[in-house]
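K.L.:
Handing over upload.tsv, TSV, C-alpha atoms.
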```
chain	number	residue	atom	x	y	z
A	1	MET	CA	-1.04	14.27	10.35
A	2	SER	CA	2.53	14.59	11.59
A	3	GLU	CA	3.88	14.58	8.02
A	4	PRO	CA	4.23	17.87	6.17
A	5	LYS	CA	1.62	18.67	3.55
A	6	MET	CA	3.98	17.94	0.67
A	7	ASN	CA	4.17	14.32	1.84
A	8	ARG	CA	0.43	13.88	1.72
A	9	LEU	CA	0.65	11.44	-1.18
A	10	SER	CA	2.91	9.18	0.86
A	11	ARG	CA	0.10	8.35	3.28
A	12	ARG	CA	-2.71	7.58	0.88
A	13	ALA	CA	-4.47	4.42	0.16
A	14	MET	CA	-7.07	1.86	0.40
A	15	LEU	CA	-10.35	0.42	-0.08
A	16	ARG	CA	-12.80	-1.79	1.45
A	17	TYR	CA	-16.19	-0.73	0.46
A	18	THR	CA	-19.37	-2.60	-0.15
A	19	ALA	CA	-20.13	-4.25	-3.47
A	20	THR	CA	-22.53	-7.14	-3.89
A	21	GLY	CA	-23.03	-10.07	-6.18
A	22	ALA	CA	-20.59	-12.27	-8.09
A	23	ALA	CA	-18.53	-11.30	-11.10
A	24	ALA	CA	-16.85	-13.04	-13.97
A	25	VAL	CA	-13.12	-12.98	-13.41
A	26	GLY	CA	-10.30	-15.01	-14.85
A	27	GLY	CA	-12.51	-16.72	-17.37
A	28	GLY	CA	-15.52	-17.82	-15.34
A	29	LEU	CA	-18.42	-16.78	-13.15
A	30	LEU	CA	-17.60	-17.91	-9.64
A	31	LEU	CA	-20.63	-18.06	-7.38
A	32	GLY	CA	-18.98	-19.76	-4.42
A	33	ALA	CA	-18.85	-23.36	-3.29
A	34	CYS	CA	-21.29	-25.26	-1.11
A	35	GLN	CA	-18.41	-27.01	0.54
A	36	THR	CA	-17.26	-25.71	3.92
A	37	THR	CA	-13.79	-25.51	5.43
A	38	ASN	CA	-12.63	-25.92	9.00
A	39	PRO	CA	-10.84	-22.58	9.55
A	40	GLU	CA	-8.62	-24.06	12.26
A	41	THR	CA	-7.24	-26.89	10.12
A	42	GLY	CA	-7.64	-25.33	6.69
A	43	GLN	CA	-9.19	-28.56	5.42
A	44	SER	CA	-12.32	-28.64	3.31
A	45	GLU	CA	-14.95	-31.37	3.53
A	46	ASP	CA	-12.91	-33.49	1.13
A	47	GLY	CA	-10.01	-33.37	3.61
A	48	GLN	CA	-7.71	-31.27	1.42
A	49	SER	CA	-5.82	-28.21	2.62
A	50	LEU	CA	-5.44	-25.13	0.42
A	51	GLN	CA	-1.88	-26.16	-0.42
A	52	GLN	CA	-3.05	-29.61	-1.50
A	53	ARG	CA	-5.83	-28.18	-3.67
A	54	VAL	CA	-3.46	-25.71	-5.33
A	55	ASP	CA	-0.93	-28.51	-5.90
A	56	ALA	CA	-3.72	-30.50	-7.55
A	57	GLY	CA	-4.28	-27.67	-10.03
A	58	GLN	CA	-7.51	-26.29	-8.61
A	59	ALA	CA	-8.14	-22.57	-9.11
A	60	LEU	CA	-7.14	-20.19	-6.34
A	61	ARG	CA	-10.17	-18.01	-5.57
A	62	LEU	CA	-9.64	-14.38	-4.59
A	63	ALA	CA	-12.36	-12.34	-2.87
A	64	VAL	CA	-12.39	-8.75	-4.11
A	65	ALA	CA	-14.61	-5.71	-4.12
A	66	ASN	CA	-14.89	-3.49	-7.19
A	67	GLU	CA	-13.60	-0.15	-5.87
A	68	PRO	CA	-10.83	1.42	-7.95
A	69	PRO	CA	-7.94	1.80	-7.35
A	70	TYR	CA	-7.95	-0.92	-4.70
A	71	THR	CA	-9.71	-3.58	-6.74
A	72	VAL	CA	-11.07	-3.46	-10.28
A	73	LEU	CA	-13.26	-5.92	-12.16
A	74	GLU	CA	-13.13	-4.99	-15.83
A	75	LYS	CA	-16.10	-5.59	-18.13
A	76	ASN	CA	-14.12	-8.30	-19.91
A	77	GLY	CA	-13.66	-10.17	-16.62
A	78	GLU	CA	-10.07	-9.09	-15.97
A	79	LEU	CA	-9.15	-8.85	-12.29
A	80	THR	CA	-6.87	-5.92	-11.48
A	81	GLY	CA	-6.40	-3.08	-9.00
A	82	ALA	CA	-3.63	-2.45	-6.47
A	83	GLU	CA	-4.07	-5.41	-4.13
A	84	PRO	CA	-5.09	-8.03	-6.73
A	85	ASP	CA	-2.15	-7.00	-8.92
A	86	VAL	CA	0.25	-7.54	-6.02
A	87	ALA	CA	-1.35	-10.89	-5.20
A	88	LYS	CA	-1.15	-12.03	-8.83
A	89	ALA	CA	2.52	-11.03	-9.03
A	90	VAL	CA	3.35	-12.94	-5.84
A	91	LEU	CA	1.38	-16.00	-6.92
A	92	LYS	CA	3.13	-15.96	-10.29
A	93	ARG	CA	6.46	-16.10	-8.47
A	94	MET	CA	5.08	-19.18	-6.69
A	95	GLY	CA	4.20	-20.76	-10.03
A	96	ILE	CA	0.45	-20.20	-9.67
A	97	ASP	CA	-1.56	-18.64	-12.47
A	98	ASN	CA	-4.89	-20.48	-12.19
A	99	ILE	CA	-6.75	-17.68	-10.41
A	100	LYS	CA	-10.40	-16.68	-10.21
A	101	GLY	CA	-11.98	-13.70	-8.49
A	102	VAL	CA	-15.23	-13.34	-6.61
A	103	GLN	CA	-16.86	-9.97	-6.01
A	104	ALA	CA	-18.16	-9.76	-2.45
A	105	ALA	CA	-19.42	-7.31	0.15
A	106	TYR	CA	-16.93	-6.45	2.87
A	107	ASP	CA	-18.98	-7.82	5.73
A	108	SER	CA	-19.14	-11.21	3.97
A	109	MET	CA	-15.45	-11.53	3.11
A	110	ILE	CA	-14.19	-13.20	6.30
A	111	PRO	CA	-17.29	-15.41	6.79
A	112	GLY	CA	-17.04	-16.44	3.14
A	113	LEU	CA	-13.33	-17.18	3.51
A	114	ASN	CA	-13.95	-19.47	6.47
A	115	ALA	CA	-16.90	-21.10	4.66
A	116	ASN	CA	-14.63	-21.97	1.69
A	117	ARG	CA	-16.37	-19.70	-0.81
A	118	TRP	CA	-12.92	-18.28	-1.62
A	119	ASP	CA	-9.33	-18.93	-0.57
A	120	MET	CA	-7.85	-15.44	-0.10
A	121	VAL	CA	-9.21	-11.96	0.50
A	122	THR	CA	-7.36	-9.42	-1.65
A	123	ALA	CA	-9.73	-6.47	-1.37
A	124	GLY	CA	-7.95	-3.85	0.72
A	125	LEU	CA	-9.69	-5.22	3.82
A	126	PHE	CA	-8.33	-3.15	6.73
A	127	MET	CA	-6.60	-5.01	9.51
A	128	ASN	CA	-7.97	-4.57	13.03
A	129	LYS	CA	-8.11	-6.55	16.26
A	130	THR	CA	-11.37	-8.30	15.46
A	131	ARG	CA	-10.41	-9.35	11.95
A	132	CYS	CA	-6.90	-10.38	12.91
A	133	ALA	CA	-8.37	-12.73	15.52
A	134	LYS	CA	-10.30	-14.54	12.78
A	135	VAL	CA	-7.82	-14.71	9.87
A	136	GLN	CA	-4.11	-14.69	9.07
A	137	TYR	CA	-2.99	-11.46	7.43
A	138	SER	CA	0.04	-11.25	5.19
A	139	ALA	CA	2.60	-8.47	5.41
A	140	PRO	CA	1.01	-5.06	4.66
A	141	VAL	CA	0.48	-4.11	1.03
A	142	LEU	CA	-1.56	-0.88	1.27
A	143	VAL	CA	-1.49	1.82	3.95
A	144	SER	CA	-4.26	4.39	4.32
A	145	THR	CA	-5.27	7.82	5.59
A	146	GLU	CA	-8.79	9.21	5.99
A	147	SER	CA	-10.25	12.57	4.93
A	148	PHE	CA	-13.54	14.41	4.61
A	149	ALA	CA	-15.10	15.29	1.29
A	150	VAL	CA	-17.00	18.57	1.65
A	151	LEU	CA	-18.92	20.95	-0.59
A	152	ASN	CA	-16.88	23.69	-2.20
A	153	GLY	CA	-15.96	26.31	0.38
A	154	ASN	CA	-16.39	23.78	3.22
A	155	PRO	CA	-19.49	25.58	4.58
A	156	LYS	CA	-19.56	23.65	7.88
A	157	GLY	CA	-15.80	23.99	8.45
A	158	LEU	CA	-15.18	20.26	8.77
A	159	ASN	CA	-11.41	19.74	9.00
A	160	THR	CA	-11.00	17.51	12.05
A	161	LEU	CA	-12.95	14.84	13.87
A	162	ASP	CA	-13.49	17.34	16.72
A	163	ASP	CA	-15.21	19.65	14.23
A	164	LEU	CA	-17.66	16.86	13.45
A	165	LYS	CA	-18.21	16.15	17.15
A	166	ASN	CA	-18.79	19.76	18.14
A	167	LYS	CA	-20.70	21.23	15.19
A	168	ASP	CA	-24.21	20.74	13.87
A	169	ALA	CA	-23.06	18.48	11.05
A	170	THR	CA	-23.42	14.95	9.73
A	171	VAL	CA	-21.20	12.95	7.38
A	172	ALA	CA	-21.76	9.94	5.17
A	173	VAL	CA	-19.94	6.67	5.81
A	174	LEU	CA	-20.32	3.30	4.13
A	175	GLU	CA	-22.31	0.49	5.68
A	176	GLY	CA	-20.16	-1.78	7.85
A	177	SER	CA	-17.07	0.29	7.09
A	178	PHE	CA	-13.92	0.91	9.09
A	179	GLU	CA	-14.77	4.61	9.13
A	180	LEU	CA	-18.15	4.01	10.76
A	181	LYS	CA	-16.76	1.77	13.49
A	182	THR	CA	-13.66	3.87	14.15
A	183	ALA	CA	-15.49	7.21	14.27
A	184	LYS	CA	-17.90	5.76	16.83
A	185	SER	CA	-15.01	4.37	18.87
A	186	LEU	CA	-13.40	7.83	18.82
A	187	GLY	CA	-16.47	9.44	20.34
A	188	VAL	CA	-18.53	10.59	17.34
A	189	ASP	CA	-22.27	10.37	18.01
A	190	GLU	CA	-23.78	7.70	15.78
A	191	ALA	CA	-26.51	10.16	14.77
A	192	LYS	CA	-23.83	12.20	12.99
A	193	LEU	CA	-22.87	9.20	10.83
A	194	GLN	CA	-25.29	8.44	8.01
A	195	THR	CA	-24.68	5.14	6.21
A	196	TYR	CA	-24.77	4.55	2.45
A	197	PRO	CA	-24.07	1.37	0.46
A	198	LEU	CA	-21.51	2.83	-1.99
A	199	ALA	CA	-19.30	5.89	-2.36
A	200	PRO	CA	-21.31	7.38	-5.29
A	201	ASP	CA	-24.47	7.11	-3.17
A	202	ALA	CA	-22.74	9.01	-0.36
A	203	LEU	CA	-21.66	11.70	-2.81
A	204	GLN	CA	-25.23	12.09	-4.05
A	205	GLY	CA	-26.37	12.39	-0.45
A	206	MET	CA	-23.96	15.29	0.08
A	207	LYS	CA	-24.98	17.00	-3.15
A	208	ASP	CA	-28.65	16.66	-2.18
A	209	GLY	CA	-27.96	18.24	1.23
A	210	ARG	CA	-28.74	15.15	3.30
A	211	VAL	CA	-25.21	15.17	4.77
A	212	ASP	CA	-22.53	17.83	5.15
A	213	GLY	CA	-19.55	15.68	4.18
A	214	ILE	CA	-18.24	12.20	3.47
A	215	LEU	CA	-15.70	10.27	5.54
A	216	LEU	CA	-13.66	7.87	3.40
A	217	PRO	CA	-10.03	6.99	2.66
A	218	THR	CA	-8.24	9.94	1.08
A	219	LEU	CA	-7.38	8.09	-2.11
A	220	THR	CA	-10.94	6.84	-2.56
A	221	LEU	CA	-12.15	10.42	-2.37
A	222	GLU	CA	-9.53	11.58	-4.87
A	223	LYS	CA	-10.60	8.90	-7.36
A	224	LEU	CA	-14.24	9.83	-6.79
A	225	LYS	CA	-13.40	13.47	-7.43
A	226	GLU	CA	-11.64	12.55	-10.69
A	227	GLN	CA	-14.77	10.76	-11.84
A	228	ARG	CA	-17.47	13.09	-10.50
A	229	GLY	CA	-15.71	16.29	-9.36
A	230	ASN	CA	-17.12	19.46	-7.81
A	231	PHE	CA	-16.19	18.99	-4.15
A	232	GLU	CA	-13.18	19.52	-1.88
A	233	ILE	CA	-11.06	17.05	0.09
A	234	THR	CA	-9.62	17.95	3.47
A	235	GLU	CA	-6.14	17.14	4.71
A	236	PRO	CA	-5.89	13.63	6.23
A	237	LEU	CA	-7.41	13.38	9.71
A	238	ASP	CA	-4.74	13.15	12.40
A	239	SER	CA	-7.08	11.46	14.87
A	240	PHE	CA	-7.63	8.35	12.72
A	241	PRO	CA	-5.14	5.53	13.32
A	242	THR	CA	-2.76	4.30	10.65
A	243	THR	CA	-4.54	1.53	8.80
A	244	GLY	CA	-3.58	-0.93	6.15
A	245	SER	CA	-4.34	-4.19	4.45
A	246	GLY	CA	-2.72	-7.33	3.18
A	247	ALA	CA	-4.05	-10.63	1.89
A	248	ALA	CA	-6.18	-12.55	4.39
A	249	PHE	CA	-6.12	-16.35	4.75
A	250	ARG	CA	-7.88	-18.93	6.88
A	251	PRO	CA	-5.97	-19.65	10.14
A	252	GLY	CA	-5.59	-23.29	9.18
A	253	ASP	CA	-3.90	-22.64	5.83
A	254	LYS	CA	-0.54	-22.19	7.50
A	255	GLU	CA	1.60	-23.96	4.91
A	256	PHE	CA	0.33	-21.97	1.96
A	257	PHE	CA	0.21	-18.75	3.99
A	258	GLY	CA	3.85	-19.15	5.02
A	259	LYS	CA	5.01	-19.62	1.43
A	260	TYR	CA	2.92	-16.69	0.18
A	261	ASN	CA	4.04	-14.32	2.91
A	262	GLN	CA	7.69	-15.19	2.41
A	263	GLU	CA	7.41	-14.50	-1.33
A	264	LEU	CA	5.48	-11.30	-0.68
A	265	GLN	CA	8.20	-9.97	1.62
A	266	LYS	CA	10.77	-10.49	-1.13
A	267	PHE	CA	8.50	-8.96	-3.75
A	268	LYS	CA	7.98	-5.83	-1.66
A	269	GLU	CA	11.69	-5.05	-1.94
A	270	SER	CA	11.61	-5.19	-5.73
A	271	ALA	CA	11.34	-2.43	-8.32
A	272	GLU	CA	8.27	-4.22	-9.70
A	273	PHE	CA	6.44	-3.64	-6.41
A	274	GLU	CA	7.28	0.07	-6.54
A	275	LYS	CA	6.06	0.23	-10.11
A	276	LEU	CA	2.75	-1.40	-9.22
A	277	MET	CA	2.23	0.89	-6.25
A	278	ASP	CA	3.03	3.94	-8.34
A	279	LYS	CA	0.60	2.82	-11.03
A	280	TRP	CA	-2.28	2.80	-8.57
A	281	GLY	CA	-1.16	5.81	-6.52
A	282	PHE	CA	-0.02	4.02	-3.35
A	283	PRO	CA	3.25	4.55	-1.45
A	284	ALA	CA	5.59	1.54	-1.58
A	285	GLU	CA	7.75	2.80	1.27
A	286	GLU	CA	4.81	3.10	3.68
A	287	ALA	CA	3.92	-0.54	3.02
A	288	ARG	CA	7.53	-1.55	3.62
A	289	LYS	CA	7.69	0.25	6.96
A	290	ALA	CA	4.35	-0.91	8.34
A	291	THR	CA	4.03	-4.24	10.15
A	292	THR	CA	1.11	-6.64	10.45
A	293	GLU	CA	1.43	-6.51	14.24
A	294	GLU	CA	1.11	-2.72	14.24
A	295	LEU	CA	-1.93	-2.68	11.96
A	296	CYS	CA	-3.61	-5.55	13.78
A	297	ALA	CA	-3.50	-3.46	16.98
A	298	THR	CA	-6.03	-1.06	15.43
A	299	GLU	CA	-9.32	-1.01	17.31
A	300	GLY	CA	-12.29	-2.42	15.50
```
Taking this structure as input, can you express it in the form of structure tokens?
P.N.:
Amino acid sequence: MSEPKMNRLSRRAMLRYTATGAAAVGGGLLLGACQTTNPETGQSEDGQSLQQRVDAGQALRLAVANEPPYTVLEKNGELTGAEPDVAKAVLKRMGIDNIKGVQAAYDSMIPGLNANRWDMVTAGLFMNKTRCAKVQYSAPVLVSTESFAVLNGNPKGLNTLDDLKNKDATVAVLEGSFELKTAKSLGVDEAKLQTYPLAPDALQGMKDGRVDGILLPTLTLEKLKEQRGNFEITEPLDSFPTTGSGAAFRPGDKEFFGKYNQELQKFKESAEFEKLMDKWGFPAEEARKATTEELCATEG
């Protein structure tokens, strides 16, 4: 990284990892609708746009994962976490409080959005060229760096992506993840990248000696260490591009998207936004400086 070590916390963030099934959020179990939506017009089969359905009092459905601190589904059904909390605060400013969440796997979030199974993705879903061609992303909310988790003492000396390329070592990544796709695009042999469904599974793989490290967002690894401990985290990897997320919408939902994004931009300048970011360990200033255009230029 170009930042000094003391600023490491200012470049942390993000989630986007696989979780499956549906979860009770906001008072009900939302399994998804059979109805489809034309992503270009934003209209569902009944001819209503998202704005019209919200105006009619229908619940706004948010697709989330369940990966603290990015998204959290509490046992009592409460939807929280860094990105959902920001979305709820913005929607409240818009006069919207009828919200439900749906837990989904990352590779299903955009297809499910365009199939009208939910109305927004608020899961820390990284922006990249492929995704930005399929959805509208709001202004950035979370900005991320990547690191390795390694066994104590870092026996394979994994500190950079070149170390992984040049040494007899393998690392765990999550299935369908940004890390998997980006590492491959940066020249890492796919045989050095072992996939796992969830972060705890990857950690178990490292402890069992099946992999030499784990490649995940720095903050995800720090939360994992708090919960399960007994491993080291490297400095953020300079070779990984700056990444970030915002809320994703169908291309056709332009009216609602415009109102949401305008309110989000104002909210990001508030003390409440800083407080929320601080609560979850994310840097408010990094989100303010980043642009959707910059993050959408990320390969992937």
K.L.:
Point out the residue among A:Lys75, A:Gly246, A:Leu50, A:Pro241 with the least atom-to-atom distance to Ser185 (chain A), counting all atoms listed in the file.
P.N.:
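Checking each candidate against Ser185 (chain A), we get A:Pro241 as the closest.
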K.L.:
Anything within 12 Å of (-10.9, 8.9, 1.0): list those residues as a PyMOL selection string, counting all atoms listed in the file and sticking to the file's coordinates.
P.N.:
chain A and resi 11-17+67-70+144-150+172-174+178-179+199+202-203+213-225+232-237
K.L.:
Which residues of region 196-258 of chain A sit at most 9 Å from region 101-112 of chain A, using only C-alpha atoms? Give each one's shortest atom pair and distance in Å (one decimal place), in chain and ascending residue order, as a tab-separated table.
P.N.:
```
residue	atom	partner	partner_atom	distance
A:Ala248	CA	A:Ile110	CA	8.3
A:Phe249	CA	A:Ile110	CA	8.8
A:Arg250	CA	A:Ile110	CA	8.5
```
K.L.:
Considering only C-alpha atoms, can you say which of A:Ala63, A:Met206, A:Ala287, A:Leu186 comes closest to Asn114 (chain A)?
P.N.:
A:Ala63
K.L.:
At what distance in Å, to one decimal, does CA of Ala123 (chain A) lie from CA of Ala65 (chain A)?
P.N.:
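That distance, rounded to one decimal, is 5.7 Å.
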K.L.:
If you count all atoms listed in the file, which residues fall within 7 Å of Glu175 (chain A), apart from same-chain ones fewer than 4 positions away, as a VMD selection string?
P.N.:
chain A and resid 195 to 197
K.L.:
Could you state the separation of CA of Phe267 (chain A) and CA of Ala297 (chain A) in Å, given to one decimal place?
P.N.:
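CA of Ala297 (chain A) lies 24.6 Å from CA of Phe267 (chain A).
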K.L.:
Measuring between all atoms listed in the file, which one of A:Phe240, A:Asp55, A:Thr122, A:Ala115 shows the shortest distance to Leu79 (chain A)?
P.N.:
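Result for the nearest residue to Leu79 (chain A): A:Thr122.
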K.L.:
To one decimal place in Å, what is the distance between CA of Asn98 (chain A) and CA of Thr291 (chain A)?
P.N.:
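Taking CA of Asn98 (chain A) as the start and CA of Thr291 (chain A) as the end point, the length is 29.0 Å.
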K.L.:
So which one's closest to Lys129 (chain A), A:Glu78, A:Glu294, A:Asp212, A:Glu286? Using only C-alpha atoms, please.
P.N.:
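Answer, going by the shortest atom-to-atom distance: A:Glu294.
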K.L.:
With all atoms listed in the file as the basis for distance, which of A:Ile99, A:Met277, A:Leu158, A:Ala284 is at the shortest distance from Glu83 (chain A)?
P.N.:
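Closest to Glu83 (chain A) of all the choices is A:Met277.
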K.L.:
Residues proximal to (-0.6, -8.7, 9.0) were defined as those with any atom within 12 Å of that point in the file's coordinates, counting all atoms listed in the file. Which are they, as a ChimeraX atom specification?
P.N.:
/A:125-129,131-143,243-249,257,261,264-265,287,290-298
K.L.:
I need the residue nearest Phe256 (chain A) from this list: A:Met120, A:Leu62, A:Leu113, A:Leu193. Use all atoms listed in the file for the distance.
P.N.:
A:Met120
K.L.:
I want to know what sits within 10 Å of Gly187 (chain A), based on all atoms listed in the file, with residues of the same chain fewer than 5 positions away left out; could you give that as a PyMOL selection string?
P.N.:
chain A and resi 161-162+165+182
